[in-house]
file work.txt (compact mmCIF, C-alpha atoms)
# COMPACT_ATOMS: atom_id res chain seq x y z
CA MET A 1 24.54 -33.87 -19.59
CA ILE A 2 26.99 -31.70 -17.65
CA LYS A 3 24.81 -28.61 -18.14
CA LYS A 4 21.77 -30.43 -16.77
CA ILE A 5 23.67 -31.60 -13.69
CA LYS A 6 24.99 -28.08 -13.07
CA GLN A 7 21.52 -26.60 -13.44
CA SER A 8 20.13 -29.04 -10.89
CA PHE A 9 22.86 -27.99 -8.44
CA ASP A 10 22.00 -24.33 -9.12
CA GLN A 11 18.39 -24.98 -8.23
CA PHE A 12 19.45 -26.76 -5.07
CA GLU A 13 21.55 -23.76 -4.03
CA ILE A 14 18.63 -21.47 -4.77
CA LEU A 15 16.37 -23.64 -2.63
CA LYS A 16 18.84 -23.35 0.26
CA TYR A 17 19.02 -19.58 -0.29
CA VAL A 18 15.24 -19.21 -0.17
CA PHE A 19 14.92 -21.35 2.94
CA ARG A 20 17.73 -19.51 4.73
CA TRP A 21 16.25 -16.09 4.07
CA PHE A 22 12.83 -17.29 5.07
CA LEU A 23 14.29 -18.22 8.45
CA LEU A 24 16.18 -14.92 8.71
CA VAL A 25 13.26 -12.62 7.88
CA MET A 26 10.72 -14.56 9.94
CA PRO A 27 11.68 -12.98 13.30
CA VAL A 28 11.91 -9.54 11.67
CA ALA A 29 8.43 -9.94 10.18
CA VAL A 30 6.87 -11.27 13.38
CA VAL A 31 8.37 -8.58 15.64
CA SER A 32 7.78 -5.75 13.15
CA GLY A 33 4.23 -6.89 12.36
CA SER A 34 3.42 -7.15 16.07
CA LEU A 35 4.86 -3.71 16.89
CA VAL A 36 3.07 -2.14 13.91
CA ALA A 37 -0.20 -3.70 15.10
CA LEU A 38 0.39 -2.22 18.57
CA PHE A 39 1.24 1.12 16.99
CA LEU A 40 -1.92 1.20 14.84
CA TYR A 41 -4.05 0.24 17.85
CA LEU A 42 -2.54 3.00 20.00
CA LEU A 43 -2.94 5.44 17.11
CA ASP A 44 -6.67 4.71 16.97
CA VAL A 45 -6.91 5.14 20.76
CA ALA A 46 -5.04 8.46 20.59
CA THR A 47 -7.19 9.73 17.71
CA LEU A 48 -10.44 8.88 19.51
CA ALA A 49 -9.13 10.50 22.71
CA ARG A 50 -8.33 13.71 20.82
CA TRP A 51 -11.74 13.74 19.15
CA ASN A 52 -13.48 13.31 22.51
CA ASN A 53 -11.26 15.82 24.33
CA GLU A 54 -10.66 18.78 22.05
CA TRP A 55 -8.77 20.64 24.77
CA LEU A 56 -5.81 18.29 24.19
CA LEU A 57 -4.84 20.42 21.18
CA TYR A 58 -3.79 23.23 23.51
CA LEU A 59 -1.09 20.97 24.95
CA LEU A 60 0.50 20.34 21.54
CA PRO A 61 3.39 22.82 22.08
CA LEU A 62 4.31 21.19 25.41
CA ALA A 63 4.11 17.73 23.83
CA GLY A 64 6.54 18.92 21.16
CA VAL A 65 9.01 20.12 23.78
CA ALA A 66 8.77 16.76 25.55
CA ILE A 67 9.40 14.88 22.30
CA VAL A 68 12.46 16.95 21.41
CA ALA A 69 13.82 16.60 24.96
CA LEU A 70 13.35 12.83 24.90
CA TYR A 71 15.33 12.46 21.69
CA ARG A 72 18.00 14.94 22.73
CA PHE A 73 18.80 13.33 26.06
CA ARG A 74 17.98 9.66 25.44
CA GLY A 75 17.62 9.13 21.71
CA LYS A 76 21.28 8.83 20.65
CA ASN A 77 21.25 9.15 16.84
CA SER A 78 17.73 7.78 16.37
CA GLU A 79 16.33 11.27 15.74
CA ALA A 80 17.56 11.00 12.13
CA GLY A 81 14.71 8.51 11.55
CA ASN A 82 14.24 7.11 8.06
CA ASN A 83 17.39 8.82 6.80
CA LEU A 84 19.44 6.95 9.40
CA VAL A 85 18.00 3.63 8.17
CA MET A 86 18.89 4.56 4.56
CA ASP A 87 22.40 5.63 5.48
CA GLU A 88 22.98 2.36 7.33
CA ILE A 89 21.80 0.37 4.31
CA HIS A 90 24.12 2.25 1.94
CA LYS A 91 27.10 2.52 4.28
CA PRO A 92 26.90 0.09 7.21
CA GLY A 93 28.82 0.98 10.34
CA GLY A 94 27.04 3.79 12.15
CA GLY A 95 24.43 1.48 13.60
CA ILE A 96 20.72 1.87 14.35
CA PRO A 97 19.87 1.95 18.06
CA ALA A 98 17.24 -0.58 19.11
CA ARG A 99 15.57 2.19 21.10
CA MET A 100 14.52 3.81 17.81
CA ALA A 101 11.44 1.53 17.64
CA PRO A 102 9.90 2.33 21.06
CA PHE A 103 10.94 6.00 20.82
CA VAL A 104 9.31 6.66 17.47
CA LEU A 105 6.23 4.61 18.42
CA LEU A 106 5.69 6.60 21.62
CA THR A 107 6.44 10.03 20.16
CA THR A 108 4.27 9.50 17.07
CA VAL A 109 1.32 8.50 19.27
CA LEU A 110 1.92 11.64 21.36
CA THR A 111 2.00 13.78 18.22
CA HIS A 112 -1.38 12.43 17.14
CA LEU A 113 -2.88 12.55 20.63
CA PHE A 114 -2.30 16.29 20.84
CA GLY A 115 -3.27 17.15 17.28
CA GLY A 116 -0.10 17.22 15.22
CA SER A 117 -0.58 16.65 11.49
CA ALA A 118 1.51 13.58 10.72
CA GLY A 119 1.35 10.09 9.26
CA ARG A 120 2.42 6.59 10.21
CA GLU A 121 4.71 5.23 7.49
CA GLY A 122 7.86 6.76 8.98
CA THR A 123 7.17 5.11 12.30
CA ALA A 124 6.55 1.70 10.72
CA VAL A 125 9.69 1.91 8.57
CA GLN A 126 11.81 2.87 11.57
CA ILE A 127 10.30 0.03 13.61
CA GLY A 128 11.10 -2.46 10.84
CA GLY A 129 14.58 -1.07 10.23
CA SER A 130 15.64 -0.91 13.88
CA MET A 131 14.30 -4.40 14.64
CA ALA A 132 16.04 -5.82 11.56
CA HIS A 133 19.33 -4.22 12.63
CA PHE A 134 18.95 -5.53 16.19
CA ILE A 135 18.20 -9.08 15.04
CA GLY A 136 20.94 -8.97 12.39
CA LYS A 137 23.53 -7.94 14.95
CA LYS A 138 22.42 -10.68 17.33
CA LEU A 139 22.78 -13.22 14.51
CA LYS A 140 26.20 -11.73 13.62
CA LEU A 141 25.35 -11.37 9.96
CA LYS A 142 27.91 -10.11 7.47
CA LYS A 143 27.58 -6.54 6.15
CA ASP A 144 25.97 -7.57 2.86
CA GLU A 145 23.48 -9.82 4.63
CA LEU A 146 22.70 -7.14 7.20
CA ARG A 147 22.02 -4.66 4.40
CA ILE A 148 19.52 -7.05 2.83
CA LEU A 149 17.88 -7.72 6.19
CA LEU A 150 17.52 -3.95 6.77
CA ILE A 151 15.75 -3.58 3.42
CA ALA A 152 13.49 -6.47 4.44
CA GLY A 153 12.76 -4.63 7.70
CA VAL A 154 11.72 -1.52 5.77
CA ALA A 155 9.45 -3.67 3.59
CA ALA A 156 7.95 -5.35 6.66
CA GLY A 157 7.07 -2.05 8.31
CA PHE A 158 5.61 -0.50 5.16
CA GLY A 159 3.65 -3.57 4.07
CA ALA A 160 2.14 -4.07 7.51
CA VAL A 161 1.15 -0.47 8.21
CA PHE A 162 -0.80 -0.02 4.96
CA GLY A 163 -1.85 -3.60 4.25
CA THR A 164 -0.07 -3.48 0.87
CA PRO A 165 2.58 -6.24 0.98
CA VAL A 166 3.60 -6.21 -2.69
CA ALA A 167 3.94 -2.41 -2.76
CA GLY A 168 5.82 -2.63 0.53
CA ALA A 169 8.44 -4.93 -0.97
CA ILE A 170 8.91 -2.80 -4.10
CA PHE A 171 8.97 0.41 -2.06
CA ALA A 172 11.82 -0.89 0.10
CA LEU A 173 13.87 -1.67 -3.02
CA GLU A 174 12.95 1.41 -5.04
CA VAL A 175 13.27 4.10 -2.36
CA MET A 176 16.97 3.44 -1.71
CA ALA A 177 18.21 5.02 -4.92
CA ILE A 178 16.51 7.08 -7.63
CA GLY A 179 16.56 5.24 -10.94
CA ARG A 180 17.94 1.92 -9.71
CA ILE A 181 16.60 -1.24 -8.11
CA LYS A 182 18.96 -3.95 -6.85
CA TYR A 183 17.22 -7.31 -6.89
CA ASP A 184 19.46 -9.05 -4.38
CA ALA A 185 16.96 -8.14 -1.66
CA LEU A 186 13.83 -8.83 -3.73
CA LEU A 187 12.86 -12.16 -2.20
CA PRO A 188 13.72 -11.27 1.44
CA ALA A 189 11.82 -7.98 1.12
CA PHE A 190 8.79 -9.71 -0.35
CA LEU A 191 8.78 -12.47 2.29
CA ALA A 192 9.15 -9.95 5.11
CA SER A 193 6.42 -7.65 3.79
CA VAL A 194 3.90 -10.46 3.26
CA MET A 195 4.56 -12.12 6.62
CA ALA A 196 4.49 -8.82 8.54
CA ASP A 197 1.15 -7.96 6.95
CA ILE A 198 -0.23 -11.39 7.92
CA VAL A 199 1.02 -10.98 11.50
CA CYS A 200 -0.43 -7.47 11.78
CA SER A 201 -3.80 -8.60 10.43
CA ALA A 202 -3.81 -11.58 12.82
CA TYR A 203 -4.14 -9.11 15.71
CA GLY A 204 -7.43 -7.90 14.27
CA ILE A 205 -6.06 -4.71 12.72
CA LYS A 206 -8.29 -3.42 9.95
CA HIS A 207 -7.08 -1.12 7.18
CA THR A 208 -9.23 1.55 5.57
CA HIS A 209 -10.80 0.42 2.31
CA TYR A 210 -11.08 2.81 -0.62
CA HIS A 211 -13.17 2.28 -3.71
CA ILE A 212 -13.07 3.59 -7.26
CA ASP A 213 -16.48 2.69 -8.64
CA PHE A 214 -15.89 4.50 -11.92
CA HIS A 215 -15.97 2.11 -14.88
CA GLU A 216 -14.65 3.40 -18.16
CA SER A 217 -16.88 3.17 -21.22
CA LEU A 218 -14.87 3.78 -24.37
CA VAL A 219 -16.33 6.17 -26.89
CA SER A 220 -13.91 6.10 -29.80
CA THR A 221 -14.14 5.60 -33.55
CA SER A 222 -10.60 4.20 -33.54
CA SER A 223 -10.63 0.53 -32.64
CA PHE A 224 -6.92 0.55 -31.77
CA LEU A 225 -7.45 2.99 -28.88
CA GLN A 226 -8.20 0.93 -25.76
CA PHE A 227 -8.58 3.97 -23.54
CA ASP A 228 -10.36 7.30 -23.37
CA LEU A 229 -7.92 9.76 -24.96
CA THR A 230 -9.55 12.81 -23.38
CA LEU A 231 -9.39 11.23 -19.93
CA LEU A 232 -5.78 10.17 -20.50
CA LEU A 233 -4.80 13.76 -21.31
CA SER A 234 -6.55 14.91 -18.14
CA VAL A 235 -4.60 12.31 -16.14
CA ILE A 236 -1.31 13.49 -17.65
CA PHE A 237 -2.11 17.08 -16.68
CA ALA A 238 -3.17 15.98 -13.21
CA GLY A 239 0.04 13.94 -12.87
CA LEU A 240 2.06 17.08 -13.55
CA LEU A 241 0.23 18.90 -10.74
CA PHE A 242 0.61 15.92 -8.41
CA GLY A 243 4.37 15.98 -9.04
CA LEU A 244 4.54 19.70 -8.29
CA ALA A 245 2.57 19.11 -5.07
CA GLY A 246 5.07 16.44 -4.00
CA PHE A 247 7.91 18.83 -4.82
CA ALA A 248 6.24 21.66 -2.86
CA PHE A 249 5.76 19.47 0.20
CA SER A 250 9.36 18.27 0.21
CA GLU A 251 10.86 21.71 -0.35
CA LEU A 252 8.62 23.46 2.17
CA SER A 253 9.39 20.86 4.83
CA HIS A 254 13.14 21.18 4.33
CA THR A 255 12.92 24.98 4.19
CA ILE A 256 10.96 25.32 7.43
CA LYS A 257 13.36 22.97 9.21
CA GLY A 258 16.38 24.85 7.88
CA ILE A 259 15.05 28.27 8.86
CA ALA A 260 14.00 27.09 12.33
CA ASN A 261 17.40 25.54 13.08
CA LYS A 262 19.24 28.58 11.73
CA TYR A 263 17.37 31.37 13.47
CA ILE A 264 16.03 29.80 16.68
CA GLN A 265 18.99 29.24 18.98
CA ARG A 266 17.11 27.49 21.77
CA LYS A 267 16.02 24.24 20.14
CA PHE A 268 13.24 23.60 22.64
CA LEU A 269 11.51 26.71 21.31
CA ILE A 270 11.17 25.19 17.82
CA PRO A 271 8.41 22.64 18.68
CA LEU A 272 6.84 25.18 21.03
CA ILE A 273 6.48 27.69 18.18
CA GLY A 274 5.44 24.97 15.73
CA GLY A 275 2.68 23.78 18.04
CA VAL A 276 1.39 27.33 18.56
CA VAL A 277 1.31 27.93 14.80
CA VAL A 278 -0.69 24.72 14.21
CA ILE A 279 -3.19 25.79 16.89
CA GLY A 280 -3.43 29.28 15.38
CA LEU A 281 -4.03 27.96 11.86
CA SER A 282 -6.82 25.70 13.16
CA PHE A 283 -8.58 28.71 14.68
CA VAL A 284 -8.07 30.88 11.60
CA LEU A 285 -9.56 28.22 9.34
CA GLY A 286 -12.29 27.33 11.84
CA THR A 287 -11.75 23.58 11.43
CA ARG A 288 -9.72 20.72 12.87
CA ASP A 289 -9.96 18.60 9.74
CA TYR A 290 -6.26 19.11 9.01
CA LEU A 291 -5.03 17.66 12.30
CA GLY A 292 -3.90 14.06 12.82
CA LEU A 293 -3.98 11.49 10.03
CA GLY A 294 -6.96 12.93 8.21
CA VAL A 295 -8.28 9.55 7.06
CA THR A 296 -11.72 10.41 8.40
CA THR A 297 -13.41 12.87 10.76
CA PRO A 298 -15.30 12.36 14.05
CA ASP A 299 -18.75 12.67 12.49
CA GLY A 300 -17.86 11.57 8.97
CA THR A 301 -18.40 15.03 7.47
CA GLY A 302 -15.85 17.66 6.53
CA VAL A 303 -12.59 17.15 4.66
CA SER A 304 -10.83 13.79 4.88
CA ILE A 305 -9.20 11.21 2.65
CA VAL A 306 -12.35 9.08 2.60
CA ASN A 307 -14.58 12.03 1.71
CA ALA A 308 -12.19 13.19 -1.02
CA PHE A 309 -13.46 10.27 -3.11
CA LYS A 310 -16.88 11.95 -3.24
CA ALA A 311 -17.99 15.00 -5.20
CA GLY A 312 -17.74 18.04 -2.96
CA GLY A 313 -15.75 16.12 -0.37
CA ALA A 314 -12.94 18.68 -0.32
CA ASP A 315 -12.53 22.43 -0.59
CA THR A 316 -10.50 23.99 -3.38
CA PHE A 317 -7.42 24.52 -1.19
CA SER A 318 -7.78 21.59 1.20
CA TRP A 319 -4.65 20.02 -0.28
CA PHE A 320 -2.64 23.18 0.45
CA TRP A 321 -3.75 23.45 4.06
CA LYS A 322 -2.87 19.82 4.79
CA LEU A 323 0.48 20.35 3.12
CA LEU A 324 1.15 23.40 5.30
CA PHE A 325 -0.05 21.79 8.55
CA THR A 326 2.09 18.69 7.99
CA ALA A 327 5.20 20.56 6.89
CA ILE A 328 5.06 22.70 10.04
CA THR A 329 4.39 19.72 12.33
CA LEU A 330 7.16 17.45 11.07
CA SER A 331 9.73 20.21 10.51
CA THR A 332 9.53 21.53 14.05
CA GLY A 333 10.37 18.35 15.91
CA PHE A 334 7.16 16.32 16.08
CA LYS A 335 7.29 12.70 14.97
CA GLY A 336 5.33 10.61 12.48
CA GLY A 337 5.37 9.80 8.82
CA GLU A 338 4.69 11.89 5.75
CA VAL A 339 2.89 9.35 3.58
CA THR A 340 -0.66 9.45 4.98
CA PRO A 341 -0.68 13.28 4.81
CA LEU A 342 0.59 12.90 1.23
CA PHE A 343 -2.40 10.62 0.58
CA PHE A 344 -4.63 13.40 1.94
CA ILE A 345 -2.90 16.08 -0.15
CA GLY A 346 -3.14 13.98 -3.29
CA ALA A 347 -6.73 12.83 -2.83
CA THR A 348 -8.03 16.33 -2.10
CA LEU A 349 -6.01 17.85 -4.96
CA GLY A 350 -7.41 15.16 -7.26
CA ASN A 351 -10.89 15.99 -6.02
CA THR A 352 -10.33 19.67 -6.82
CA ILE A 353 -8.95 18.94 -10.31
CA ALA A 354 -11.91 16.64 -11.03
CA MET A 355 -14.45 19.24 -9.90
CA LEU A 356 -12.81 21.88 -12.13
CA THR A 357 -12.34 19.68 -15.21
CA GLY A 358 -15.34 17.37 -15.04
CA ALA A 359 -13.16 14.24 -14.78
CA PRO A 360 -14.37 11.34 -12.58
CA VAL A 361 -13.92 12.46 -8.96
CA GLU A 362 -13.13 9.09 -7.39
CA LEU A 363 -10.63 8.22 -10.11
CA LEU A 364 -8.75 11.52 -9.82
CA ALA A 365 -8.81 11.30 -6.02
CA GLY A 366 -7.34 7.80 -6.20
CA LEU A 367 -4.68 8.90 -8.68
CA GLY A 368 -3.72 11.84 -6.48
CA PHE A 369 -3.63 9.50 -3.49
CA ILE A 370 -0.79 7.46 -5.01
CA ALA A 371 0.85 9.97 -7.38
CA VAL A 372 1.73 12.72 -4.90
CA PHE A 373 3.30 10.00 -2.78
CA ALA A 374 5.21 8.77 -5.85
CA GLY A 375 6.53 12.26 -6.53
CA ALA A 376 7.57 13.00 -2.95
CA THR A 377 9.34 9.65 -2.43
CA ASN A 378 10.54 8.99 -6.01
CA THR A 379 8.92 5.54 -6.03
CA PRO A 380 6.60 5.40 -9.09
CA LEU A 381 6.62 1.60 -9.45
CA ALA A 382 5.71 0.92 -5.82
CA CYS A 383 2.93 3.51 -5.94
CA THR A 384 1.49 2.06 -9.15
CA ILE A 385 1.34 -1.35 -7.49
CA MET A 386 -0.15 0.23 -4.38
CA GLY A 387 -2.94 1.57 -6.55
CA VAL A 388 -3.73 -1.96 -7.71
CA GLU A 389 -3.68 -3.32 -4.14
CA LEU A 390 -5.89 -0.53 -2.79
CA PHE A 391 -8.26 0.22 -5.66
CA GLY A 392 -8.16 -2.82 -7.96
CA GLY A 393 -6.41 -3.25 -11.29
CA GLU A 394 -9.00 -1.93 -13.72
CA HIS A 395 -7.35 1.49 -14.07
CA ILE A 396 -3.71 0.46 -13.89
CA LEU A 397 -2.87 2.41 -17.06
CA TYR A 398 -3.98 5.64 -15.39
CA TYR A 399 -2.18 4.71 -12.15
CA ALA A 400 1.07 4.29 -14.06
CA VAL A 401 0.67 7.47 -16.11
CA ALA A 402 -0.13 9.60 -13.06
CA CYS A 403 2.70 8.13 -10.95
CA PHE A 404 5.33 8.26 -13.69
CA VAL A 405 4.50 11.85 -14.66
CA ALA A 406 4.44 12.91 -11.00
CA TYR A 407 7.81 11.22 -10.47
CA TYR A 408 9.45 13.29 -13.20
CA PHE A 409 7.80 16.60 -12.36
CA SER A 410 8.68 16.40 -8.68
CA GLY A 411 12.24 17.06 -9.83
CA HIS A 412 15.33 16.06 -7.90
CA SER A 413 13.63 16.53 -4.58
CA GLY A 414 12.08 14.25 -2.00
CA ILE A 415 11.17 13.79 1.64
CA TYR A 416 14.17 11.50 2.28
CA THR A 417 17.35 13.56 2.00
CA SER A 418 19.56 10.44 2.26
CA GLN A 419 18.02 8.95 -0.88
CA ARG A 420 20.79 8.24 -3.41
CA ILE A 421 20.68 9.32 -7.05
CA SER A 422 21.70 6.49 -9.35
CA VAL A 423 20.09 7.77 -12.54
CA SER A 424 19.10 11.43 -12.80
CA LYS A 425 15.74 12.48 -14.19
CA ALA A 426 17.47 15.02 -16.43
CA ASN A 427 20.98 16.17 -17.23
CA PHE A 428 22.61 18.04 -14.37
CA THR A 429 24.61 21.19 -14.90
CA TYR A 430 26.98 20.00 -12.17
CA HIS A 431 28.82 16.76 -11.49
CA LEU A 432 27.44 14.18 -9.09
CA ASP A 433 29.42 11.21 -7.84
CA ALA A 434 28.08 7.69 -7.26
CA ASP A 435 27.09 8.38 -3.66
CA SER A 436 25.30 11.67 -4.29
CA THR A 437 22.12 12.18 -2.28
CA LEU A 438 19.22 14.61 -2.43
CA LYS A 439 20.95 16.48 0.38
CA ASN A 440 24.04 16.87 -1.83
CA ILE A 441 21.89 18.36 -4.59
CA LYS A 442 20.46 20.97 -2.24
CA GLU A 443 23.96 21.92 -1.14
CA LYS A 444 25.20 22.21 -4.73
CA ARG A 445 22.22 24.39 -5.62
CA LYS A 446 23.06 26.70 -2.72
CA ASP A 447 26.67 26.89 -3.85
CA GLU A 448 25.57 27.81 -7.38
CA LYS A 449 23.29 30.57 -6.09
CA GLY A 450 26.10 31.92 -3.93
CA LYS A 451 28.44 32.32 -6.92

call {"tool": "encode", "arguments": {"input": "work.txt", "output": "structure tokens"}}
result
Amino acid sequence: MIKKIKQSFDQFEILKYVFRWFLLVMPVAVVSGSLVALFLYLLDVATLARWNNEWLLYLLPLAGVAIVALYRFRGKNSEAGNNLVMDEIHKPGGGIPARMAPFVLLTTVLTHLFGGSAGREGTAVQIGGSMAHFIGKKLKLKKDELRILLIAGVAAGFGAVFGTPVAGAIFALEVMAIGRIKYDALLPAFLASVMADIVCSAYGIKHTHYHIDFHESLVSTSSFLQFDLTLLLSVIFAGLLFGLAGFAFSELSHTIKGIANKYIQRKFLIPLIGGVVVIGLSFVLGTRDYLGLGVTTPDGTGVSIVNAFKAGGADTFSWFWKLLFTAITLSTGFKGGEVTPLFFIGATLGNTIAMLTGAPVELLAGLGFIAVFAGATNTPLACTIMGVELFGGEHILYYAVACFVAYYFSGHSGIYTSQRISVSKANFTYHLDADSTLKNIKEKRKDEKGK
């Protein structure tokens, strides 16, 4: 009898907990969803303006200088972007300036208007994180509660910008530390992601729809095999390449940024040079398909994420050129996210692998879409779920295989240097403490090479 009474009180406390967090995340979701909707609208306006006025590309270097100047003189510490949000979640105290949201929104739109190769996830996450911090401070939440609200803000931004609320919630939990998920923020993150997506959609924002029309027909004499073994082996091999692509993007981005900051003394010259290089590469290749988001092209032809789901929709090295364009853009001071370019890199690499191996093009493009992202962000679970939300659940086995393999073969690298390492992917030859980050690993590797 006592146990039953206690259990009923437990459920009552849980009900109060759920209701309280619903009230806390509601303003975060509404504000973040609204700002993300405004951001996506302005992004579409900027993209159309660039398509209709190709001369805007020539102003990219000057736009880069303006962006760097804005952050240097008015941005406080908001230039750290997603890494600042992660650091504040792990070790509260430094603070996230409320100006981060309008700054990153404006500068990302400028980057796209003038032809920089960037994405949108970073902007949405920073919007969600900065708004959550602002609201949490106004409500005078305790540190533990503020940490949970920040994670919910990240989920709200991610879920709204891609229209994938479940993946958004899992991403916010999984991205904080490699190999560990803390479930104390599970419900707030899920509530925030779902509500932000609803709010964003209420403004009439439409997300791009992708389709995998391939339907597997099993040809096997073994009744216990519920999958195509040959195709599964192809997916494993592709997953390995997707992981290496995620690793290459992360390492190249960090390398370019490190070299630029080390050898270019006048920091305003870094975006100027980066913009000139992007313009030069566009002329050398004779195409502007690698500028902007890359979801589609002005006339629907050429290389894009949408076309990568079709046979012949990408060139053999399209993935490499997008990787290079984006690494240069984001490492030289321009703003925006990495995820949509990672979608492009993965989809076009999947297209290339399919064309060379004879595997289904749309399936491999879809797997690359999510798996390169999984490798570069170390979030295989969120990316598997994203595959289900974007493409349907029929091929979930292949989604999981591609994302998990990519996760391991991307190594201890990633686009977020403040990401903690809770469980390593393999045994390290050097000691790492509980608060070790990807940045710490890079520093230890340098120390080892110097010995």

call {"tool": "residues_near_point", "arguments": {"input": "work.txt", "point": "(-11.0, 13.0, 5.4)", "cutoff": "9 Å", "atoms": "all atoms listed in the file", "output": "list in words"}}
result
Asp289, Tyr290, Leu293, Gly294, Val295, Thr296, Thr297, Gly300, Thr301, Gly302, Val303, Ser304, Ile305, Val306, Asn307, Ala308, Gly313, Ala314, Phe344 and Thr348 of chain A

call {"tool": "closest_residue", "arguments": {"input": "work.txt", "among": "A:Ile259, A:Ile421, A:Ala382, A:Ala98", "to": "Asn77 of chain A", "atoms": "only C-alpha atoms"}}
result
A:Ala98

call {"tool": "residues_around", "arguments": {"input": "work.txt", "residues": "segment 374-376 of chain A", "least_positions_apart": "4", "cutoff": "7 Å", "atoms": "only C-alpha atoms", "output": "list in words"}}
result
Gly243, Gly246, Phe247, Ser250, Ile370, Pro380, Cys383, Cys403, Ala406, Tyr407, Ser410, Gly414 and Ile415 of chain A

call {"tool": "atom_distance", "arguments": {"input": "work.txt", "atom1": "atom CA of Ala69 of chain A", "atom2": "atom CA of Ile273 of chain A"}}
result
14.9 Å

call {"tool": "atom_distance", "arguments": {"input": "work.txt", "atom1": "atom CA of Ala248 of chain A", "atom2": "atom CA of Gly119 of chain A"}}
result
17.5 Å

call {"tool": "residues_around", "arguments": {"input": "work.txt", "residues": "Met386 of chain A", "least_positions_apart": "5", "cutoff": "9 Å", "atoms": "all atoms listed in the file", "output": "list of chain:residue names"}}
result
A:Thr164, A:Pro165, A:Val166, A:Ala167, A:Gly168, A:Ile370, A:Leu381, A:Phe391

call {"tool": "closest_residue", "arguments": {"input": "work.txt", "among": "A:Val28, A:Ala49, A:Leu191, A:Thr255", "to": "Ala132 of chain A", "atoms": "all atoms listed in the file"}}
result
A:Val28

call {"tool": "closest_residue", "arguments": {"input": "work.txt", "among": "A:Phe343, A:Phe158, A:Phe12, A:Phe283", "to": "Lys322 of chain A", "atoms": "only C-alpha atoms"}}
result
A:Phe343

call {"tool": "atom_distance", "arguments": {"input": "work.txt", "atom1": "atom CA of Lys257 of chain A", "atom2": "atom CA of Gln419 of chain A"}}
result
17.9 Å

call {"tool": "closest_residue", "arguments": {"input": "work.txt", "among": "A:Leu241, A:Val85, A:Ile345, A:Ile328", "to": "Val277 of chain A", "atoms": "only C-alpha atoms"}}
result
A:Ile328

call {"tool": "axis_aligned_box", "arguments": {"input": "work.txt", "around": "segment 10-14 of chain A", "padding_each_side": "4 Å", "output": "AutoDock Vina command-line options"}}
result
--center_x 20.2 --center_y -24.1 --center_z -6.6 --size_x 11.6 --size_y 13.3 --size_z 13.1

call {"tool": "decode", "arguments": {"input": "work.txt", "residues": "segment 306-317 of chain A", "atoms": "N, CA and C atoms", "output": "CSV table (one decimal), in the first residue's frame"}}
result
chain,number,residue,atom,x,y,z
A,306,VAL,N,19.3,18.6,-54.6
A,306,VAL,CA,18.1,18.0,-55.2
A,306,VAL,C,18.5,17.2,-56.4
A,307,ASN,N,19.4,17.7,-57.2
A,307,ASN,CA,19.8,16.9,-58.4
A,307,ASN,C,20.7,15.7,-58.1
A,308,ALA,N,21.3,15.7,-57.0
A,308,ALA,CA,22.2,14.6,-56.6
A,308,ALA,C,21.4,13.3,-56.4
A,309,PHE,N,20.1,13.4,-56.2
A,309,PHE,CA,19.3,12.3,-56.1
A,309,PHE,C,18.9,11.6,-57.4
A,310,LYS,N,19.4,12.2,-58.5
A,310,LYS,CA,19.2,11.7,-59.8
A,310,LYS,C,20.4,11.2,-60.5
A,311,ALA,N,20.4,10.2,-61.3
A,311,ALA,CA,21.5,9.7,-62.0
A,311,ALA,C,22.1,10.8,-62.9
A,312,GLY,N,23.4,11.0,-62.8
A,312,GLY,CA,24.1,12.1,-63.5
A,312,GLY,C,23.9,13.5,-63.0
A,313,GLY,N,23.3,13.5,-61.7
A,313,GLY,CA,23.0,14.9,-61.2
A,313,GLY,C,24.2,15.5,-60.5
A,314,ALA,N,25.4,14.9,-60.5
A,314,ALA,CA,26.6,15.4,-59.9
A,314,ALA,C,27.8,15.0,-60.7
A,315,ASP,N,28.8,15.8,-60.7
A,315,ASP,CA,30.1,15.4,-61.3
A,315,ASP,C,30.9,14.6,-60.3
A,316,THR,N,31.9,13.9,-60.8
A,316,THR,CA,32.7,13.0,-60.0
A,316,THR,C,33.3,13.7,-58.8
A,317,PHE,N,33.7,15.0,-58.9
A,317,PHE,CA,34.4,15.7,-57.8
A,317,PHE,C,33.5,16.8,-57.3
